>>> print(open('query-v1.txt').read())   # compact mmCIF, C-alpha atoms and all ligand atoms
# COMPACT_ATOMS: atom_id res chain seq x y z
CA MET A 1 -69.32 55.08 15.43
CA LYS A 2 -67.13 56.18 18.28
CA ARG A 3 -63.74 57.73 17.58
CA LEU A 4 -61.00 56.42 19.82
CA ILE A 5 -57.41 57.63 20.24
CA ALA A 6 -54.63 55.33 21.42
CA PRO A 7 -51.31 57.14 21.98
CA SER A 8 -48.27 54.92 21.38
CA VAL A 9 -45.82 54.99 24.27
CA LEU A 10 -42.98 54.13 21.88
CA ALA A 11 -42.65 57.85 21.19
CA ALA A 12 -42.70 58.87 24.88
CA ASP A 13 -39.72 60.25 26.81
CA PHE A 14 -38.64 57.10 28.64
CA LEU A 15 -36.72 59.09 31.24
CA GLN A 16 -40.05 60.65 32.24
CA LEU A 17 -42.22 57.58 31.73
CA GLY A 18 -44.27 57.96 34.91
CA GLN A 19 -45.12 61.57 34.10
CA GLN A 20 -45.93 60.67 30.51
CA ILE A 21 -48.43 58.02 31.64
CA GLN A 22 -49.95 60.48 34.14
CA MET A 23 -50.35 62.92 31.26
CA LEU A 24 -52.23 60.25 29.27
CA ASN A 25 -54.40 59.49 32.32
CA GLN A 26 -55.41 63.13 32.46
CA SER A 27 -55.97 63.42 28.71
CA THR A 28 -59.05 62.37 26.76
CA CYS A 29 -57.23 59.41 25.19
CA ASP A 30 -59.08 56.11 25.23
CA TRP A 31 -56.42 53.41 25.26
CA ILE A 32 -52.67 53.27 25.86
CA HIS A 33 -50.91 51.53 22.95
CA LEU A 34 -47.83 49.46 23.84
CA ASP A 35 -45.51 48.21 21.09
CA VAL A 36 -43.45 45.13 21.88
CA MET A 37 -40.72 44.35 19.30
CA ASP A 38 -38.31 41.42 19.37
CA GLY A 39 -35.70 42.32 16.75
CA VAL A 40 -36.72 39.21 14.76
CA TYR A 41 -40.24 39.78 13.49
CA VAL A 42 -39.33 43.45 13.04
CA PRO A 43 -35.85 44.99 12.69
CA ASN A 44 -36.02 46.79 16.02
CA ILE A 45 -36.29 46.07 19.75
CA SER A 46 -38.52 48.28 21.90
CA PHE A 47 -39.45 47.43 25.48
CA GLY A 48 -40.75 44.34 27.21
CA PHE A 49 -42.89 43.08 30.03
CA PRO A 50 -41.14 44.71 33.03
CA VAL A 51 -41.75 48.12 31.45
CA ILE A 52 -45.39 47.28 30.68
CA GLU A 53 -45.81 46.06 34.24
CA ALA A 54 -44.50 49.36 35.59
CA ILE A 55 -46.88 51.24 33.28
CA SER A 56 -49.80 49.05 34.36
CA HIS A 57 -49.38 50.19 37.98
CA VAL A 58 -49.88 53.84 36.97
CA ALA A 59 -52.18 53.73 33.93
CA THR A 60 -55.89 54.31 34.43
CA LYS A 61 -56.77 53.71 30.76
CA PRO A 62 -57.07 50.29 29.09
CA LEU A 63 -53.80 48.82 27.82
CA ASP A 64 -53.70 47.96 24.11
CA VAL A 65 -50.74 45.61 23.59
CA HIS A 66 -49.35 45.22 20.05
CA LEU A 67 -46.96 42.26 19.81
CA MET A 68 -44.49 42.55 16.92
CA ILE A 69 -42.75 39.29 17.77
CA VAL A 70 -42.47 35.78 16.36
CA GLN A 71 -44.71 33.14 17.96
CA PRO A 72 -46.75 35.65 19.96
CA GLU A 73 -48.86 32.80 21.38
CA ARG A 74 -46.00 32.14 23.84
CA TYR A 75 -46.79 35.32 25.75
CA ILE A 76 -50.60 35.44 25.93
CA SER A 77 -50.78 34.57 29.62
CA ARG A 78 -47.93 36.97 30.46
CA VAL A 79 -49.78 39.84 28.80
CA GLN A 80 -53.00 38.83 30.55
CA GLN A 81 -51.23 38.93 33.91
CA LEU A 82 -50.25 42.52 33.21
CA GLY A 83 -53.93 43.43 32.97
CA ALA A 84 -54.12 44.25 29.24
CA ARG A 85 -57.60 44.83 27.85
CA LEU A 86 -56.69 44.10 24.23
CA LEU A 87 -53.96 41.91 22.78
CA SER A 88 -53.18 42.21 19.06
CA VAL A 89 -51.05 39.75 17.11
CA HIS A 90 -49.84 39.85 13.52
CA GLN A 91 -51.49 37.54 11.01
CA GLU A 92 -48.06 37.09 9.45
CA ALA A 93 -46.53 35.90 12.76
CA CYS A 94 -49.15 33.27 13.63
CA THR A 95 -49.01 29.76 12.19
CA HIS A 96 -52.36 28.90 13.76
CA LEU A 97 -54.05 32.27 13.90
CA HIS A 98 -57.51 30.95 14.78
CA ARG A 99 -56.15 29.06 17.77
CA THR A 100 -54.16 32.07 18.96
CA LEU A 101 -57.22 34.34 18.80
CA GLN A 102 -59.20 31.76 20.77
CA GLN A 103 -56.45 31.59 23.38
CA ILE A 104 -56.51 35.37 23.78
CA HIS A 105 -60.27 35.22 24.37
CA ASP A 106 -59.90 32.27 26.73
CA ALA A 107 -57.44 34.39 28.72
CA GLY A 108 -60.17 37.01 29.13
CA MET A 109 -58.81 39.66 26.78
CA GLN A 110 -60.15 41.19 23.61
CA ALA A 111 -58.42 39.82 20.52
CA GLY A 112 -56.95 41.90 17.72
CA VAL A 113 -55.38 40.79 14.46
CA VAL A 114 -52.87 43.03 12.68
CA LEU A 115 -52.05 43.23 8.97
CA ASN A 116 -48.90 44.70 7.47
CA PRO A 117 -49.29 47.05 4.51
CA ALA A 118 -48.44 44.27 2.02
CA THR A 119 -50.83 41.72 3.52
CA SER A 120 -54.20 41.25 1.85
CA LEU A 121 -57.49 41.49 3.73
CA SER A 122 -58.36 38.07 2.28
CA THR A 123 -55.88 36.48 4.73
CA ILE A 124 -58.20 37.21 7.65
CA GLU A 125 -61.54 36.59 5.94
CA ASP A 126 -61.96 33.32 7.83
CA VAL A 127 -61.27 34.70 11.30
CA LEU A 128 -63.33 37.88 11.24
CA GLU A 129 -65.93 36.31 13.52
CA ASP A 130 -63.18 35.68 16.07
CA VAL A 131 -61.79 39.18 16.46
CA ASP A 132 -62.75 42.31 18.35
CA VAL A 133 -60.31 44.56 16.51
CA VAL A 134 -58.60 44.50 13.11
CA MET A 135 -55.53 46.70 13.08
CA LEU A 136 -54.19 47.90 9.77
CA MET A 137 -50.54 48.95 9.72
CA SER A 138 -50.24 52.19 7.79
CA VAL A 139 -46.43 51.95 7.94
CA ASN A 140 -44.16 48.91 7.88
CA PRO A 141 -43.89 47.89 11.55
CA GLY A 142 -40.75 48.42 13.57
CA PHE A 143 -40.28 52.14 14.00
CA GLY A 144 -42.17 55.23 15.03
CA GLY A 145 -42.08 58.44 13.03
CA GLN A 146 -42.49 56.91 9.55
CA ALA A 147 -44.55 58.36 6.70
CA PHE A 148 -48.18 57.26 6.39
CA ILE A 149 -48.94 54.92 3.44
CA GLU A 150 -51.84 56.41 1.45
CA HIS A 151 -53.12 53.04 0.23
CA THR A 152 -54.49 52.54 3.76
CA TYR A 153 -57.64 54.61 3.08
CA SER A 154 -59.02 52.20 0.47
CA LYS A 155 -58.01 49.23 2.62
CA ILE A 156 -60.05 50.64 5.53
CA GLU A 157 -63.09 51.08 3.26
CA ARG A 158 -62.83 47.51 1.96
CA LEU A 159 -62.34 46.14 5.49
CA ARG A 160 -65.36 48.07 6.79
CA ARG A 161 -67.51 46.45 4.08
CA MET A 162 -66.20 42.99 5.02
CA LEU A 163 -66.86 43.62 8.73
CA ASP A 164 -70.37 44.94 8.08
CA VAL A 165 -71.20 41.44 6.83
CA ALA A 166 -69.10 39.22 9.09
CA GLN A 167 -68.53 41.08 12.36
CA PRO A 168 -70.18 44.52 12.55
CA LYS A 169 -69.06 45.12 16.14
CA ALA A 170 -65.34 44.75 15.37
CA LEU A 171 -63.32 47.95 15.47
CA ILE A 172 -60.83 49.06 12.83
CA GLU A 173 -57.60 50.39 14.34
CA VAL A 174 -54.98 52.17 12.23
CA ASP A 175 -51.33 52.28 13.32
CA GLY A 176 -48.47 54.31 11.87
CA GLY A 177 -47.91 57.84 10.63
CA VAL A 178 -51.23 59.11 11.99
CA ASN A 179 -51.34 62.88 12.39
CA ILE A 180 -53.71 65.83 12.45
CA HIS A 181 -53.75 65.98 8.63
CA ASN A 182 -54.80 62.40 7.91
CA ALA A 183 -56.92 61.68 11.01
CA PRO A 184 -60.19 63.20 9.66
CA LEU A 185 -60.08 61.15 6.45
CA LEU A 186 -59.11 58.01 8.36
CA PHE A 187 -62.22 58.33 10.53
CA GLN A 188 -64.35 59.14 7.47
CA SER A 189 -62.98 56.06 5.70
CA GLY A 190 -64.24 53.88 8.56
CA ALA A 191 -61.44 53.75 11.11
CA ASN A 192 -62.56 53.62 14.76
CA VAL A 193 -59.27 53.76 16.65
CA LEU A 194 -56.22 55.80 15.69
CA VAL A 195 -52.82 54.96 17.17
CA ALA A 196 -50.54 57.98 17.33
CA GLY A 197 -46.98 58.08 18.62
CA SER A 198 -44.93 60.98 17.29
CA SER A 199 -47.88 63.24 16.59
CA VAL A 200 -48.87 63.08 20.27
CA PHE A 201 -45.60 62.89 22.21
CA LYS A 202 -43.59 65.26 20.00
CA ALA A 203 -46.37 67.86 20.02
CA PRO A 204 -45.88 71.01 22.15
CA ASP A 205 -49.12 70.16 23.99
CA PRO A 206 -49.77 66.37 23.84
CA VAL A 207 -53.13 66.64 25.67
CA GLN A 208 -54.36 69.12 23.05
CA ALA A 209 -52.91 66.98 20.25
CA ILE A 210 -55.00 64.01 21.46
CA ALA A 211 -58.17 66.14 21.46
CA ASP A 212 -57.33 67.53 18.01
CA LEU A 213 -56.77 64.06 16.54
CA ARG A 214 -60.24 62.97 17.62
CA GLY A 215 -61.75 66.08 16.06
CA GLU A 216 -65.51 66.49 15.77
CA GLU A 217 -67.55 63.33 16.38
C1 LIG B 1 -44.83 50.91 14.59
C2 LIG B 1 -45.67 50.85 15.83
C3 LIG B 1 -46.49 52.06 16.03
C4 LIG B 1 -45.70 53.30 16.27
C5 LIG B 1 -46.46 54.46 15.69
O1 LIG B 1 -44.29 49.66 14.32
O2 LIG B 1 -46.56 49.74 15.78
O3 LIG B 1 -47.47 51.89 17.05
O4 LIG B 1 -45.41 53.55 17.61
O5 LIG B 1 -45.66 55.59 15.73
P1 LIG B 1 -45.99 56.88 14.86
O6 LIG B 1 -47.36 57.33 15.23
O7 LIG B 1 -44.91 57.82 15.23
O8 LIG B 1 -45.93 56.44 13.39
ZN ZN B 2 -48.26 49.65 17.29
>>> encode(input="query-v1.txt", output="structure tokens", more="lines below")
Ligand code: DX5
Ligand code: ZN
Amino acid sequence: MKRLIAPSVLAADFLQLGQQIQMLNQSTCDWIHLDVMDGVYVPNISFGFPVIEAISHVATKPLDVHLMIVQPERYISRVQQLGARLLSVHQEACTHLHRTLQQIHDAGMQAGVVLNPATSLSTIEDVLEDVDVVMLMSVNPGFGGQAFIEHTYSKIERLRRMLDVAQPKALIEVDGGVNIHNAPLLFQSGANVLVAGSSVFKAPDPVQAIADLRGEE
């Protein structure tokens, strides 16, 4: 399966945001990961739609929007208007998850569901046919630069087995604490997309860091 890299703009230098997006355009990265936090669902506030809109005018790679907010269904059409390719919502934040995933599809985007480290895979068993991406948080959401949770490897393997039966085309995305040391084993375990914030933007050469994370296909 293809190995995709999605740098997380949360770790970018916001004073140089245009240049940072141009750097991603020129890199081999596949998607641009955008973390929206509301200070309620997670204990932090990041950036919102005006910033994503500005990025969308410059970015030449697909936008991968990760909503860490309560009632994410309120903003599906807003995200669609910004031209996002993929919209991911947390299982834990959706009262009617199936409906929300349908609404994302109806809006013409790919639908992703996200699970926190403490949330069991069984909670999404009944919506696997309705998703394009399952994103496993490998840190507790809210902040960049946290340490990777090792339990994620076995969760990826179990999820891959579930998807092989229910939705073989769905991609597994892993978000949080991804770096050059754990990336090879994450891909081997069955991950398809690695989100990386600090390990890309804090690297001396971010373009090289993106290539190194992907490694040998
Ligand atoms: C965390 C965010 C992540 C974050 C990853 O809540 O969802 O996307 O930016 O940052 P790193 O790669 O630094 O852990
Ligand atoms: Zn994220």
>>> residues_around(input="query-v1.txt", residues="Leu185 in chain A", least_positions_apart="3", cutoff="12 Å", atoms="all atoms listed in the file", output="list in words")
Glu150, Thr152, Tyr153, Ser154, Ile156, Glu157, Val174, Val178, Asn179, Ile180, His181, Asn182, Gln188, Ser189, Gly190, Ala191, Asn192, Leu194, Leu213, Arg214 and Gly215 of chain A
>>> residues_near_ligand(input="query-v1.txt", ligand="ligand LIG 1 (chain B)", cutoff="10 Å", atoms="only C-alpha atoms and all ligand atoms", output="PDB file with C-alpha atoms, in the coordinates of the input")
ATOM      1  CA  ALA A   6     -54.630  55.330  21.420  1.00  0.00           C
ATOM      2  CA  PRO A   7     -51.310  57.140  21.980  1.00  0.00           C
ATOM      3  CA  SER A   8     -48.270  54.920  21.380  1.00  0.00           C
ATOM      4  CA  VAL A   9     -45.820  54.990  24.270  1.00  0.00           C
ATOM      5  CA  LEU A  10     -42.980  54.130  21.880  1.00  0.00           C
ATOM      6  CA  ALA A  11     -42.650  57.850  21.190  1.00  0.00           C
ATOM      7  CA  ALA A  12     -42.700  58.870  24.880  1.00  0.00           C
ATOM      8  CA  HIS A  33     -50.910  51.530  22.950  1.00  0.00           C
ATOM      9  CA  LEU A  34     -47.830  49.460  23.840  1.00  0.00           C
ATOM     10  CA  ASP A  35     -45.510  48.210  21.090  1.00  0.00           C
ATOM     11  CA  VAL A  36     -43.450  45.130  21.880  1.00  0.00           C
ATOM     12  CA  MET A  37     -40.720  44.350  19.300  1.00  0.00           C
ATOM     13  CA  VAL A  42     -39.330  43.450  13.040  1.00  0.00           C
ATOM     14  CA  PRO A  43     -35.850  44.990  12.690  1.00  0.00           C
ATOM     15  CA  ASN A  44     -36.020  46.790  16.020  1.00  0.00           C
ATOM     16  CA  SER A  46     -38.520  48.280  21.900  1.00  0.00           C
ATOM     17  CA  VAL A  65     -50.740  45.610  23.590  1.00  0.00           C
ATOM     18  CA  HIS A  66     -49.350  45.220  20.050  1.00  0.00           C
ATOM     19  CA  LEU A  67     -46.960  42.260  19.810  1.00  0.00           C
ATOM     20  CA  MET A  68     -44.490  42.550  16.920  1.00  0.00           C
ATOM     21  CA  VAL A 114     -52.870  43.030  12.680  1.00  0.00           C
ATOM     22  CA  ASN A 116     -48.900  44.700   7.470  1.00  0.00           C
ATOM     23  CA  MET A 135     -55.530  46.700  13.080  1.00  0.00           C
ATOM     24  CA  LEU A 136     -54.190  47.900   9.770  1.00  0.00           C
ATOM     25  CA  MET A 137     -50.540  48.950   9.720  1.00  0.00           C
ATOM     26  CA  SER A 138     -50.240  52.190   7.790  1.00  0.00           C
ATOM     27  CA  VAL A 139     -46.430  51.950   7.940  1.00  0.00           C
ATOM     28  CA  ASN A 140     -44.160  48.910   7.880  1.00  0.00           C
ATOM     29  CA  PRO A 141     -43.890  47.890  11.550  1.00  0.00           C
ATOM     30  CA  GLY A 142     -40.750  48.420  13.570  1.00  0.00           C
ATOM     31  CA  PHE A 143     -40.280  52.140  14.000  1.00  0.00           C
ATOM     32  CA  GLY A 144     -42.170  55.230  15.030  1.00  0.00           C
ATOM     33  CA  GLY A 145     -42.080  58.440  13.030  1.00  0.00           C
ATOM     34  CA  GLN A 146     -42.490  56.910   9.550  1.00  0.00           C
ATOM     35  CA  ALA A 147     -44.550  58.360   6.700  1.00  0.00           C
ATOM     36  CA  PHE A 148     -48.180  57.260   6.390  1.00  0.00           C
ATOM     37  CA  VAL A 174     -54.980  52.170  12.230  1.00  0.00           C
ATOM     38  CA  ASP A 175     -51.330  52.280  13.320  1.00  0.00           C
ATOM     39  CA  GLY A 176     -48.470  54.310  11.870  1.00  0.00           C
ATOM     40  CA  GLY A 177     -47.910  57.840  10.630  1.00  0.00           C
ATOM     41  CA  VAL A 178     -51.230  59.110  11.990  1.00  0.00           C
ATOM     42  CA  ASN A 179     -51.340  62.880  12.390  1.00  0.00           C
ATOM     43  CA  LEU A 194     -56.220  55.800  15.690  1.00  0.00           C
ATOM     44  CA  VAL A 195     -52.820  54.960  17.170  1.00  0.00           C
ATOM     45  CA  ALA A 196     -50.540  57.980  17.330  1.00  0.00           C
ATOM     46  CA  GLY A 197     -46.980  58.080  18.620  1.00  0.00           C
ATOM     47  CA  SER A 198     -44.930  60.980  17.290  1.00  0.00           C
ATOM     48  CA  SER A 199     -47.880  63.240  16.590  1.00  0.00           C
ATOM     49  CA  VAL A 200     -48.870  63.080  20.270  1.00  0.00           C
ATOM     50  CA  PHE A 201     -45.600  62.890  22.210  1.00  0.00           C
ATOM     51  CA  LYS A 202     -43.590  65.260  20.000  1.00  0.00           C
TER      52      LYS A 202
END
>>> residues_around(input="query-v1.txt", residues="Thr123 in chain A", least_positions_apart="2", cutoff="12 Å", atoms="only C-alpha atoms", output="PDB file with C-alpha atoms, in the frame of the given file")
ATOM      1  CA  HIS A  90     -49.840  39.850  13.520  1.00  0.00           C
ATOM      2  CA  GLN A  91     -51.490  37.540  11.010  1.00  0.00           C
ATOM      3  CA  GLU A  92     -48.060  37.090   9.450  1.00  0.00           C
ATOM      4  CA  CYS A  94     -49.150  33.270  13.630  1.00  0.00           C
ATOM      5  CA  LEU A  97     -54.050  32.270  13.900  1.00  0.00           C
ATOM      6  CA  HIS A  98     -57.510  30.950  14.780  1.00  0.00           C
ATOM      7  CA  VAL A 113     -55.380  40.790  14.460  1.00  0.00           C
ATOM      8  CA  VAL A 114     -52.870  43.030  12.680  1.00  0.00           C
ATOM      9  CA  LEU A 115     -52.050  43.230   8.970  1.00  0.00           C
ATOM     10  CA  ASN A 116     -48.900  44.700   7.470  1.00  0.00           C
ATOM     11  CA  ALA A 118     -48.440  44.270   2.020  1.00  0.00           C
ATOM     12  CA  THR A 119     -50.830  41.720   3.520  1.00  0.00           C
ATOM     13  CA  SER A 120     -54.200  41.250   1.850  1.00  0.00           C
ATOM     14  CA  LEU A 121     -57.490  41.490   3.730  1.00  0.00           C
ATOM     15  CA  GLU A 125     -61.540  36.590   5.940  1.00  0.00           C
ATOM     16  CA  ASP A 126     -61.960  33.320   7.830  1.00  0.00           C
ATOM     17  CA  VAL A 127     -61.270  34.700  11.300  1.00  0.00           C
ATOM     18  CA  LEU A 128     -63.330  37.880  11.240  1.00  0.00           C
ATOM     19  CA  VAL A 134     -58.600  44.500  13.110  1.00  0.00           C
ATOM     20  CA  LEU A 159     -62.340  46.140   5.490  1.00  0.00           C
TER      21      LEU A 159
END
>>> atom_distance(input="query-v1.txt", atom1="CA of Gln71 in chain A", atom2="CA of Phe47 in chain A")
17.0 Å
>>> closest_residue(input="query-v1.txt", among="A:Pro168, A:Pro184, A:Gly112, A:Gly18", to="ligand ZN 2 (chain B)", atoms="all atoms listed in the file")
A:Gly112
>>> closest_residue(input="query-v1.txt", among="A:Pro62, A:Ala111, A:Val89, A:Pro204", to="ligand ZN 2 (chain B)", atoms="all atoms listed in the file")
A:Val89
>>> build_atoms(input="query-v1.txt", residues="range 177-200 of chain A", atoms="N, CA, C and O atoms", output="PDB file, keeping the file's coordinate frame")
ATOM      1  N   GLY A 177     -47.889  56.606  11.409  1.00  0.00           N
ATOM      2  CA  GLY A 177     -47.910  57.840  10.630  1.00  0.00           C
ATOM      3  C   GLY A 177     -49.191  58.646  10.752  1.00  0.00           C
ATOM      4  O   GLY A 177     -49.463  59.510   9.918  1.00  0.00           O
ATOM      5  N   VAL A 178     -49.969  58.375  11.810  1.00  0.00           N
ATOM      6  CA  VAL A 178     -51.230  59.110  11.990  1.00  0.00           C
ATOM      7  C   VAL A 178     -50.920  60.515  12.525  1.00  0.00           C
ATOM      8  O   VAL A 178     -50.122  60.674  13.458  1.00  0.00           O
ATOM      9  N   ASN A 179     -51.552  61.504  11.941  1.00  0.00           N
ATOM     10  CA  ASN A 179     -51.340  62.880  12.390  1.00  0.00           C
ATOM     11  C   ASN A 179     -52.626  63.695  12.173  1.00  0.00           C
ATOM     12  O   ASN A 179     -53.642  63.158  11.703  1.00  0.00           O
ATOM     13  N   ILE A 180     -52.543  64.958  12.516  1.00  0.00           N
ATOM     14  CA  ILE A 180     -53.710  65.830  12.450  1.00  0.00           C
ATOM     15  C   ILE A 180     -54.233  66.015  11.016  1.00  0.00           C
ATOM     16  O   ILE A 180     -55.406  66.303  10.793  1.00  0.00           O
ATOM     17  N   HIS A 181     -53.353  65.791  10.036  1.00  0.00           N
ATOM     18  CA  HIS A 181     -53.750  65.980   8.630  1.00  0.00           C
ATOM     19  C   HIS A 181     -54.517  64.786   8.078  1.00  0.00           C
ATOM     20  O   HIS A 181     -55.444  64.965   7.285  1.00  0.00           O
ATOM     21  N   ASN A 182     -54.097  63.566   8.470  1.00  0.00           N
ATOM     22  CA  ASN A 182     -54.800  62.400   7.910  1.00  0.00           C
ATOM     23  C   ASN A 182     -55.889  61.831   8.814  1.00  0.00           C
ATOM     24  O   ASN A 182     -56.719  61.029   8.366  1.00  0.00           O
ATOM     25  N   ALA A 183     -55.933  62.251  10.078  1.00  0.00           N
ATOM     26  CA  ALA A 183     -56.920  61.680  11.010  1.00  0.00           C
ATOM     27  C   ALA A 183     -58.367  61.862  10.539  1.00  0.00           C
ATOM     28  O   ALA A 183     -59.151  60.899  10.586  1.00  0.00           O
ATOM     29  N   PRO A 184     -58.785  63.067  10.058  1.00  0.00           N
ATOM     30  CA  PRO A 184     -60.190  63.200   9.660  1.00  0.00           C
ATOM     31  C   PRO A 184     -60.601  62.223   8.561  1.00  0.00           C
ATOM     32  O   PRO A 184     -61.666  61.593   8.636  1.00  0.00           O
ATOM     33  N   LEU A 185     -59.742  62.055   7.545  1.00  0.00           N
ATOM     34  CA  LEU A 185     -60.080  61.150   6.450  1.00  0.00           C
ATOM     35  C   LEU A 185     -60.024  59.687   6.880  1.00  0.00           C
ATOM     36  O   LEU A 185     -60.783  58.854   6.379  1.00  0.00           O
ATOM     37  N   LEU A 186     -59.149  59.388   7.842  1.00  0.00           N
ATOM     38  CA  LEU A 186     -59.110  58.010   8.360  1.00  0.00           C
ATOM     39  C   LEU A 186     -60.422  57.666   9.051  1.00  0.00           C
ATOM     40  O   LEU A 186     -60.998  56.597   8.831  1.00  0.00           O
ATOM     41  N   PHE A 187     -60.925  58.587   9.883  1.00  0.00           N
ATOM     42  CA  PHE A 187     -62.220  58.330  10.530  1.00  0.00           C
ATOM     43  C   PHE A 187     -63.330  58.247   9.489  1.00  0.00           C
ATOM     44  O   PHE A 187     -64.185  57.364   9.551  1.00  0.00           O
ATOM     45  N   GLN A 188     -63.317  59.162   8.525  1.00  0.00           N
ATOM     46  CA  GLN A 188     -64.350  59.140   7.470  1.00  0.00           C
ATOM     47  C   GLN A 188     -64.317  57.846   6.669  1.00  0.00           C
ATOM     48  O   GLN A 188     -65.349  57.364   6.220  1.00  0.00           O
ATOM     49  N   SER A 189     -63.116  57.291   6.485  1.00  0.00           N
ATOM     50  CA  SER A 189     -62.980  56.060   5.700  1.00  0.00           C
ATOM     51  C   SER A 189     -63.514  54.847   6.454  1.00  0.00           C
ATOM     52  O   SER A 189     -63.721  53.792   5.856  1.00  0.00           O
ATOM     53  N   GLY A 190     -63.677  54.986   7.790  1.00  0.00           N
ATOM     54  CA  GLY A 190     -64.240  53.880   8.560  1.00  0.00           C
ATOM     55  C   GLY A 190     -63.380  53.419   9.713  1.00  0.00           C
ATOM     56  O   GLY A 190     -63.721  52.439  10.387  1.00  0.00           O
ATOM     57  N   ALA A 191     -62.270  54.104   9.952  1.00  0.00           N
ATOM     58  CA  ALA A 191     -61.440  53.750  11.110  1.00  0.00           C
ATOM     59  C   ALA A 191     -62.169  54.128  12.400  1.00  0.00           C
ATOM     60  O   ALA A 191     -62.897  55.121  12.438  1.00  0.00           O
ATOM     61  N   ASN A 192     -61.967  53.334  13.455  1.00  0.00           N
ATOM     62  CA  ASN A 192     -62.560  53.620  14.760  1.00  0.00           C
ATOM     63  C   ASN A 192     -61.538  54.016  15.805  1.00  0.00           C
ATOM     64  O   ASN A 192     -61.857  54.742  16.747  1.00  0.00           O
ATOM     65  N   VAL A 193     -60.322  53.500  15.664  1.00  0.00           N
ATOM     66  CA  VAL A 193     -59.270  53.760  16.650  1.00  0.00           C
ATOM     67  C   VAL A 193     -58.019  54.204  15.909  1.00  0.00           C
ATOM     68  O   VAL A 193     -57.561  53.497  15.006  1.00  0.00           O
ATOM     69  N   LEU A 194     -57.468  55.334  16.286  1.00  0.00           N
ATOM     70  CA  LEU A 194     -56.220  55.800  15.690  1.00  0.00           C
ATOM     71  C   LEU A 194     -55.106  55.718  16.722  1.00  0.00           C
ATOM     72  O   LEU A 194     -55.225  56.272  17.824  1.00  0.00           O
ATOM     73  N   VAL A 195     -54.038  55.004  16.352  1.00  0.00           N
ATOM     74  CA  VAL A 195     -52.820  54.960  17.170  1.00  0.00           C
ATOM     75  C   VAL A 195     -51.955  56.132  16.743  1.00  0.00           C
ATOM     76  O   VAL A 195     -51.815  56.393  15.544  1.00  0.00           O
ATOM     77  N   ALA A 196     -51.385  56.841  17.691  1.00  0.00           N
ATOM     78  CA  ALA A 196     -50.540  57.980  17.330  1.00  0.00           C
ATOM     79  C   ALA A 196     -49.382  58.081  18.313  1.00  0.00           C
ATOM     80  O   ALA A 196     -49.600  58.234  19.521  1.00  0.00           O
ATOM     81  N   GLY A 197     -48.178  57.966  17.799  1.00  0.00           N
ATOM     82  CA  GLY A 197     -46.980  58.080  18.620  1.00  0.00           C
ATOM     83  C   GLY A 197     -46.394  59.466  18.535  1.00  0.00           C
ATOM     84  O   GLY A 197     -46.633  60.327  19.382  1.00  0.00           O
ATOM     85  N   SER A 198     -45.648  59.705  17.441  1.00  0.00           N
ATOM     86  CA  SER A 198     -44.930  60.980  17.290  1.00  0.00           C
ATOM     87  C   SER A 198     -45.860  62.177  17.338  1.00  0.00           C
ATOM     88  O   SER A 198     -45.516  63.203  17.936  1.00  0.00           O
ATOM     89  N   SER A 199     -47.025  62.053  16.695  1.00  0.00           N
ATOM     90  CA  SER A 199     -47.880  63.240  16.590  1.00  0.00           C
ATOM     91  C   SER A 199     -48.493  63.629  17.931  1.00  0.00           C
ATOM     92  O   SER A 199     -48.977  64.742  18.096  1.00  0.00           O
ATOM     93  N   VAL A 200     -48.443  62.721  18.914  1.00  0.00           N
ATOM     94  CA  VAL A 200     -48.870  63.080  20.270  1.00  0.00           C
ATOM     95  C   VAL A 200     -47.668  63.513  21.115  1.00  0.00           C
ATOM     96  O   VAL A 200     -47.620  64.636  21.621  1.00  0.00           O
TER      97      VAL A 200
END
